[in-house]
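Quick look at protein.cif (mmCIF, N, CA and C atoms):
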data_work
loop_
_atom_site.label_atom_id
_atom_site.label_comp_id
_atom_site.auth_asym_id
_atom_site.auth_seq_id
_atom_site.Cartn_x
_atom_site.Cartn_y
_atom_site.Cartn_z
N MET A 1 14.38 -38.43 -144.44
CA MET A 1 13.24 -39.26 -144.10
C MET A 1 12.87 -38.99 -142.64
N ARG A 2 11.57 -38.96 -142.37
CA ARG A 2 11.09 -38.63 -141.03
C ARG A 2 10.73 -39.88 -140.25
N ILE A 3 10.69 -39.73 -138.93
CA ILE A 3 10.35 -40.81 -138.02
C ILE A 3 9.04 -40.47 -137.32
N PHE A 4 8.16 -41.47 -137.19
CA PHE A 4 6.85 -41.28 -136.58
C PHE A 4 6.58 -42.34 -135.53
N SER A 5 5.71 -41.99 -134.59
CA SER A 5 5.08 -42.97 -133.72
C SER A 5 3.61 -42.96 -134.07
N ILE A 6 2.98 -44.10 -133.99
CA ILE A 6 1.58 -44.24 -134.39
C ILE A 6 0.82 -44.87 -133.23
N TYR A 7 -0.35 -44.33 -132.94
CA TYR A 7 -1.18 -44.81 -131.83
C TYR A 7 -2.60 -45.05 -132.34
N ASP A 8 -3.16 -46.19 -132.01
CA ASP A 8 -4.54 -46.50 -132.35
C ASP A 8 -5.42 -45.86 -131.29
N THR A 9 -6.35 -45.02 -131.70
CA THR A 9 -7.18 -44.29 -130.74
C THR A 9 -8.27 -45.17 -130.13
N GLN A 10 -8.51 -46.36 -130.68
CA GLN A 10 -9.57 -47.24 -130.19
C GLN A 10 -9.05 -48.39 -129.33
N THR A 11 -7.75 -48.66 -129.41
CA THR A 11 -7.16 -49.76 -128.64
C THR A 11 -5.86 -49.27 -128.02
N SER A 12 -5.14 -50.17 -127.42
CA SER A 12 -3.86 -49.80 -126.82
C SER A 12 -2.68 -50.05 -127.76
N ARG A 13 -2.96 -50.31 -129.02
CA ARG A 13 -1.88 -50.57 -129.98
C ARG A 13 -1.07 -49.32 -130.23
N GLN A 14 0.22 -49.54 -130.38
CA GLN A 14 1.11 -48.44 -130.72
C GLN A 14 2.37 -48.99 -131.39
N ALA A 15 2.95 -48.16 -132.20
CA ALA A 15 4.22 -48.49 -132.85
C ALA A 15 5.05 -47.22 -132.82
N ARG A 16 6.22 -47.30 -132.27
CA ARG A 16 7.03 -46.10 -132.06
C ARG A 16 8.29 -46.11 -132.92
N ASN A 17 8.70 -44.89 -133.24
CA ASN A 17 9.97 -44.64 -133.93
C ASN A 17 10.11 -45.41 -135.24
N LEU A 18 9.12 -45.21 -136.11
CA LEU A 18 9.12 -45.87 -137.41
C LEU A 18 9.50 -44.89 -138.51
N TRP A 19 10.28 -45.35 -139.46
CA TRP A 19 10.53 -44.54 -140.64
C TRP A 19 9.21 -44.38 -141.38
N GLU A 20 8.98 -43.25 -142.00
CA GLU A 20 7.71 -42.99 -142.67
C GLU A 20 7.40 -44.03 -143.75
N SER A 21 8.40 -44.60 -144.33
CA SER A 21 8.18 -45.63 -145.37
C SER A 21 7.67 -46.95 -144.78
N ASN A 22 7.77 -47.11 -143.46
CA ASN A 22 7.35 -48.35 -142.81
C ASN A 22 6.01 -48.24 -142.09
N LEU A 23 5.36 -47.10 -142.15
CA LEU A 23 4.11 -46.91 -141.42
C LEU A 23 3.04 -47.91 -141.85
N SER A 24 2.88 -48.10 -143.14
CA SER A 24 1.86 -49.02 -143.64
C SER A 24 2.11 -50.44 -143.15
N ASP A 25 3.34 -50.88 -143.25
CA ASP A 25 3.66 -52.25 -142.83
C ASP A 25 3.45 -52.45 -141.34
N ALA A 26 3.66 -51.42 -140.56
CA ALA A 26 3.51 -51.54 -139.11
C ALA A 26 2.06 -51.71 -138.69
N VAL A 27 1.14 -51.02 -139.36
CA VAL A 27 -0.26 -51.10 -138.94
C VAL A 27 -1.08 -52.14 -139.70
N ARG A 28 -0.57 -52.65 -140.78
CA ARG A 28 -1.32 -53.63 -141.58
C ARG A 28 -1.84 -54.80 -140.71
N PRO A 29 -1.04 -55.38 -139.82
CA PRO A 29 -1.55 -56.47 -138.97
C PRO A 29 -2.69 -56.04 -138.06
N TRP A 30 -2.77 -54.78 -137.71
CA TRP A 30 -3.84 -54.29 -136.85
C TRP A 30 -5.20 -54.42 -137.53
N PHE A 31 -5.21 -54.42 -138.84
CA PHE A 31 -6.45 -54.45 -139.62
C PHE A 31 -6.61 -55.74 -140.41
N LYS A 32 -5.91 -56.79 -140.01
CA LYS A 32 -5.92 -58.04 -140.77
C LYS A 32 -7.31 -58.67 -140.88
N ASP A 33 -8.19 -58.40 -139.94
CA ASP A 33 -9.54 -58.97 -139.97
C ASP A 33 -10.54 -58.12 -140.74
N VAL A 34 -10.09 -56.98 -141.25
CA VAL A 34 -10.98 -56.08 -141.98
C VAL A 34 -10.76 -56.29 -143.47
N ASP A 35 -11.81 -56.70 -144.15
CA ASP A 35 -11.72 -56.93 -145.60
C ASP A 35 -12.48 -55.82 -146.31
N ASN A 36 -11.79 -54.69 -146.46
CA ASN A 36 -12.43 -53.51 -147.04
C ASN A 36 -11.39 -52.77 -147.88
N LYS A 37 -11.71 -52.49 -149.13
CA LYS A 37 -10.76 -51.83 -150.03
C LYS A 37 -10.39 -50.44 -149.53
N ARG A 38 -11.33 -49.70 -148.98
CA ARG A 38 -11.02 -48.35 -148.49
C ARG A 38 -10.02 -48.41 -147.33
N VAL A 39 -10.13 -49.40 -146.48
CA VAL A 39 -9.18 -49.57 -145.38
C VAL A 39 -7.81 -49.93 -145.93
N ARG A 40 -7.76 -50.85 -146.88
CA ARG A 40 -6.47 -51.22 -147.50
C ARG A 40 -5.82 -50.02 -148.18
N ASP A 41 -6.62 -49.23 -148.88
CA ASP A 41 -6.09 -48.03 -149.54
C ASP A 41 -5.57 -47.02 -148.52
N ALA A 42 -6.28 -46.86 -147.42
CA ALA A 42 -5.85 -45.92 -146.38
C ALA A 42 -4.55 -46.39 -145.73
N ILE A 43 -4.43 -47.68 -145.52
CA ILE A 43 -3.19 -48.22 -144.95
C ILE A 43 -2.02 -47.92 -145.89
N ASP A 44 -2.20 -48.15 -147.18
CA ASP A 44 -1.15 -47.85 -148.17
C ASP A 44 -0.83 -46.36 -148.20
N ALA A 45 -1.84 -45.52 -148.02
CA ALA A 45 -1.66 -44.07 -148.08
C ALA A 45 -0.86 -43.52 -146.89
N LEU A 46 -0.70 -44.30 -145.84
CA LEU A 46 0.09 -43.82 -144.70
C LEU A 46 1.54 -43.55 -145.09
N SER A 47 2.02 -44.19 -146.11
CA SER A 47 3.40 -43.99 -146.56
C SER A 47 3.55 -42.86 -147.56
N VAL A 48 2.45 -42.20 -147.90
CA VAL A 48 2.46 -41.10 -148.86
C VAL A 48 2.27 -39.79 -148.09
N PRO A 49 3.29 -38.94 -148.04
CA PRO A 49 3.21 -37.73 -147.21
C PRO A 49 1.95 -36.88 -147.41
N GLY A 50 1.51 -36.69 -148.63
CA GLY A 50 0.35 -35.85 -148.88
C GLY A 50 -0.98 -36.48 -148.49
N LYS A 51 -1.00 -37.77 -148.29
CA LYS A 51 -2.23 -38.49 -147.95
C LYS A 51 -2.23 -39.02 -146.52
N ARG A 52 -1.11 -38.91 -145.86
CA ARG A 52 -0.91 -39.53 -144.56
C ARG A 52 -1.91 -39.08 -143.50
N LYS A 53 -2.12 -37.79 -143.38
CA LYS A 53 -3.00 -37.25 -142.34
C LYS A 53 -4.43 -37.74 -142.50
N ALA A 54 -4.96 -37.66 -143.71
CA ALA A 54 -6.33 -38.11 -143.97
C ALA A 54 -6.46 -39.62 -143.76
N ALA A 55 -5.46 -40.37 -144.17
CA ALA A 55 -5.49 -41.83 -144.01
C ALA A 55 -5.50 -42.20 -142.53
N ALA A 56 -4.66 -41.55 -141.75
CA ALA A 56 -4.61 -41.82 -140.31
C ALA A 56 -5.96 -41.50 -139.66
N ARG A 57 -6.54 -40.39 -140.02
CA ARG A 57 -7.84 -40.00 -139.46
C ARG A 57 -8.90 -41.05 -139.83
N TYR A 58 -8.92 -41.50 -141.07
CA TYR A 58 -9.88 -42.50 -141.51
C TYR A 58 -9.72 -43.81 -140.72
N LEU A 59 -8.48 -44.19 -140.44
CA LEU A 59 -8.21 -45.44 -139.74
C LEU A 59 -8.32 -45.32 -138.22
N GLY A 60 -8.50 -44.12 -137.71
CA GLY A 60 -8.58 -43.92 -136.26
C GLY A 60 -7.23 -43.98 -135.60
N LEU A 61 -6.23 -43.47 -136.31
CA LEU A 61 -4.86 -43.48 -135.80
C LEU A 61 -4.38 -42.07 -135.49
N GLU A 62 -3.51 -41.96 -134.53
CA GLU A 62 -2.88 -40.67 -134.22
C GLU A 62 -1.40 -40.80 -134.57
N LEU A 63 -0.91 -39.84 -135.35
CA LEU A 63 0.50 -39.83 -135.75
C LEU A 63 1.24 -38.76 -134.97
N GLU A 64 2.42 -39.10 -134.55
CA GLU A 64 3.27 -38.14 -133.86
C GLU A 64 4.63 -38.15 -134.55
N CYS A 65 5.01 -37.00 -135.07
CA CYS A 65 6.31 -36.89 -135.73
C CYS A 65 7.40 -36.81 -134.66
N CYS A 66 8.37 -37.68 -134.75
CA CYS A 66 9.44 -37.73 -133.75
C CYS A 66 10.71 -37.05 -134.24
N ALA A 67 10.93 -37.05 -135.53
CA ALA A 67 12.13 -36.41 -136.08
C ALA A 67 11.96 -36.21 -137.57
#
Before anything else, please render the file you have as structure tokens.
Amino acid sequence: MRIFSIYDTQTSRQARNLWESNLSDAVRPWFKDVDNKRVRDAIDALSVPGKRKAAARYLGLELECCA
């Protein structure tokens, strides 16, 4: 399992050294005021390796693989 840090490109939010399975849970509170199915789907897709890059781009997040 890999470890990532996640940075919001629009704000100063960041979450460091997260297991890839926890990426969605870490950023979900950042989007709590957004009621949009595409955003919810993108948040869930952060935990799916094949969808992670596109989901991060859609959400305006930068992912950095740490290990």
query: Could you write out as an MDAnalysis selection string the residues that the PyMOL selection byres (((chain A and resi 40-43 and name CA) around 12) and name CA) matches in the shown file?
result: chainID A and resid 21:39 44:48 51:61
- request: Write down as a VMD selection string the residues belonging to chain A that are assigned alpha helix (DSSP H) by DSSP computed on the backbone.
  value: chain A and resid 23 to 27 37 to 45 52 to 59
- request: Can you pull out every residue within 6 Å of range 4-13 of chain A, counting only C-alpha atoms, but drop anything in the same chain fewer than 4 positions away, and send it as a ChimeraX atom specification?
  value: /A:17-18,60-66
message: Could you pull out the strand (DSSP E) residues of chain A, going by DSSP on the backbone, and write them as a PyMOL selection string?
response: chain A and resi 3-8+14-19+61-65
Could I get range 56-67 of chain A rebuilt with all heavy atoms, written as a JSON list (two decimals), keeping the file's coordinate frame?
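Written file, rebuild35.json:
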[["chain", "number", "residue", "atom", "x", "y", "z"],
["A", 56, "ALA", "N", -4.66, -41.55, -141.75],
["A", 56, "ALA", "CA", -4.61, -41.82, -140.31],
["A", 56, "ALA", "C", -5.96, -41.50, -139.66],
["A", 56, "ALA", "O", -6.47, -42.28, -138.84],
["A", 56, "ALA", "CB", -3.49, -41.02, -139.66],
["A", 57, "ARG", "N", -6.54, -40.39, -140.02],
["A", 57, "ARG", "CA", -7.84, -40.00, -139.46],
["A", 57, "ARG", "C", -8.90, -41.05, -139.83],
["A", 57, "ARG", "O", -9.69, -41.46, -138.98],
["A", 57, "ARG", "CB", -8.23, -38.62, -139.97],
["A", 57, "ARG", "CG", -9.47, -38.05, -139.36],
["A", 57, "ARG", "CD", -9.75, -36.60, -139.73],
["A", 57, "ARG", "NE", -9.39, -36.22, -141.10],
["A", 57, "ARG", "CZ", -8.36, -35.45, -141.41],
["A", 57, "ARG", "NH1", -7.57, -34.96, -140.47],
["A", 57, "ARG", "NH2", -8.12, -35.14, -142.67],
["A", 58, "TYR", "N", -8.92, -41.50, -141.07],
["A", 58, "TYR", "CA", -9.88, -42.50, -141.51],
["A", 58, "TYR", "C", -9.72, -43.81, -140.72],
["A", 58, "TYR", "O", -10.71, -44.45, -140.36],
["A", 58, "TYR", "CB", -9.72, -42.77, -143.01],
["A", 58, "TYR", "CG", -10.67, -43.80, -143.53],
["A", 58, "TYR", "CD1", -11.99, -43.47, -143.81],
["A", 58, "TYR", "CD2", -10.26, -45.11, -143.74],
["A", 58, "TYR", "CE1", -12.88, -44.42, -144.27],
["A", 58, "TYR", "CE2", -11.15, -46.07, -144.21],
["A", 58, "TYR", "CZ", -12.45, -45.72, -144.47],
["A", 58, "TYR", "OH", -13.34, -46.66, -144.91],
["A", 59, "LEU", "N", -8.48, -44.19, -140.44],
["A", 59, "LEU", "CA", -8.21, -45.44, -139.74],
["A", 59, "LEU", "C", -8.32, -45.32, -138.22],
["A", 59, "LEU", "O", -8.21, -46.32, -137.51],
["A", 59, "LEU", "CB", -6.81, -45.94, -140.11],
["A", 59, "LEU", "CG", -6.62, -46.34, -141.57],
["A", 59, "LEU", "CD1", -5.13, -46.54, -141.87],
["A", 59, "LEU", "CD2", -7.42, -47.58, -141.90],
["A", 60, "GLY", "N", -8.50, -44.12, -137.71],
["A", 60, "GLY", "CA", -8.58, -43.92, -136.26],
["A", 60, "GLY", "C", -7.23, -43.98, -135.60],
["A", 60, "GLY", "O", -7.09, -44.45, -134.47],
["A", 61, "LEU", "N", -6.23, -43.47, -136.31],
["A", 61, "LEU", "CA", -4.86, -43.48, -135.80],
["A", 61, "LEU", "C", -4.38, -42.07, -135.49],
["A", 61, "LEU", "O", -4.81, -41.12, -136.15],
["A", 61, "LEU", "CB", -3.91, -44.11, -136.81],
["A", 61, "LEU", "CG", -4.24, -45.53, -137.26],
["A", 61, "LEU", "CD1", -3.30, -45.97, -138.36],
["A", 61, "LEU", "CD2", -4.19, -46.50, -136.09],
["A", 62, "GLU", "N", -3.51, -41.96, -134.53],
["A", 62, "GLU", "CA", -2.88, -40.67, -134.22],
["A", 62, "GLU", "C", -1.40, -40.80, -134.57],
["A", 62, "GLU", "O", -0.73, -41.73, -134.15],
["A", 62, "GLU", "CB", -3.04, -40.38, -132.73],
["A", 62, "GLU", "CG", -2.51, -39.05, -132.31],
["A", 62, "GLU", "CD", -2.74, -38.82, -130.83],
["A", 62, "GLU", "OE1", -3.88, -39.00, -130.38],
["A", 62, "GLU", "OE2", -1.77, -38.47, -130.14],
["A", 63, "LEU", "N", -0.91, -39.84, -135.35],
["A", 63, "LEU", "CA", 0.50, -39.83, -135.75],
["A", 63, "LEU", "C", 1.24, -38.76, -134.97],
["A", 63, "LEU", "O", 0.74, -37.65, -134.80],
["A", 63, "LEU", "CB", 0.62, -39.51, -137.24],
["A", 63, "LEU", "CG", 0.14, -40.57, -138.22],
["A", 63, "LEU", "CD1", 0.19, -40.03, -139.63],
["A", 63, "LEU", "CD2", 0.98, -41.81, -138.11],
["A", 64, "GLU", "N", 2.42, -39.10, -134.55],
["A", 64, "GLU", "CA", 3.27, -38.14, -133.86],
["A", 64, "GLU", "C", 4.63, -38.15, -134.55],
["A", 64, "GLU", "O", 5.29, -39.18, -134.62],
["A", 64, "GLU", "CB", 3.42, -38.56, -132.39],
["A", 64, "GLU", "CG", 4.30, -37.68, -131.58],
["A", 64, "GLU", "CD", 4.40, -38.20, -130.16],
["A", 64, "GLU", "OE1", 3.40, -38.13, -129.44],
["A", 64, "GLU", "OE2", 5.49, -38.70, -129.82],
["A", 65, "CYS", "N", 5.01, -37.00, -135.07],
["A", 65, "CYS", "CA", 6.31, -36.89, -135.73],
["A", 65, "CYS", "C", 7.40, -36.81, -134.66],
["A", 65, "CYS", "O", 7.33, -35.96, -133.78],
["A", 65, "CYS", "CB", 6.34, -35.67, -136.65],
["A", 65, "CYS", "SG", 7.84, -35.56, -137.62],
["A", 66, "CYS", "N", 8.37, -37.68, -134.75],
["A", 66, "CYS", "CA", 9.44, -37.73, -133.75],
["A", 66, "CYS", "C", 10.71, -37.05, -134.24],
["A", 66, "CYS", "O", 11.51, -36.58, -133.44],
["A", 66, "CYS", "CB", 9.77, -39.18, -133.40],
["A", 66, "CYS", "SG", 8.37, -40.09, -132.77],
["A", 67, "ALA", "N", 10.93, -37.05, -135.53],
["A", 67, "ALA", "CA", 12.13, -36.41, -136.08],
["A", 67, "ALA", "C", 11.96, -36.21, -137.57],
["A", 67, "ALA", "O", 11.21, -36.83, -138.22],
["A", 67, "ALA", "CB", 13.36, -37.27, -135.83]]
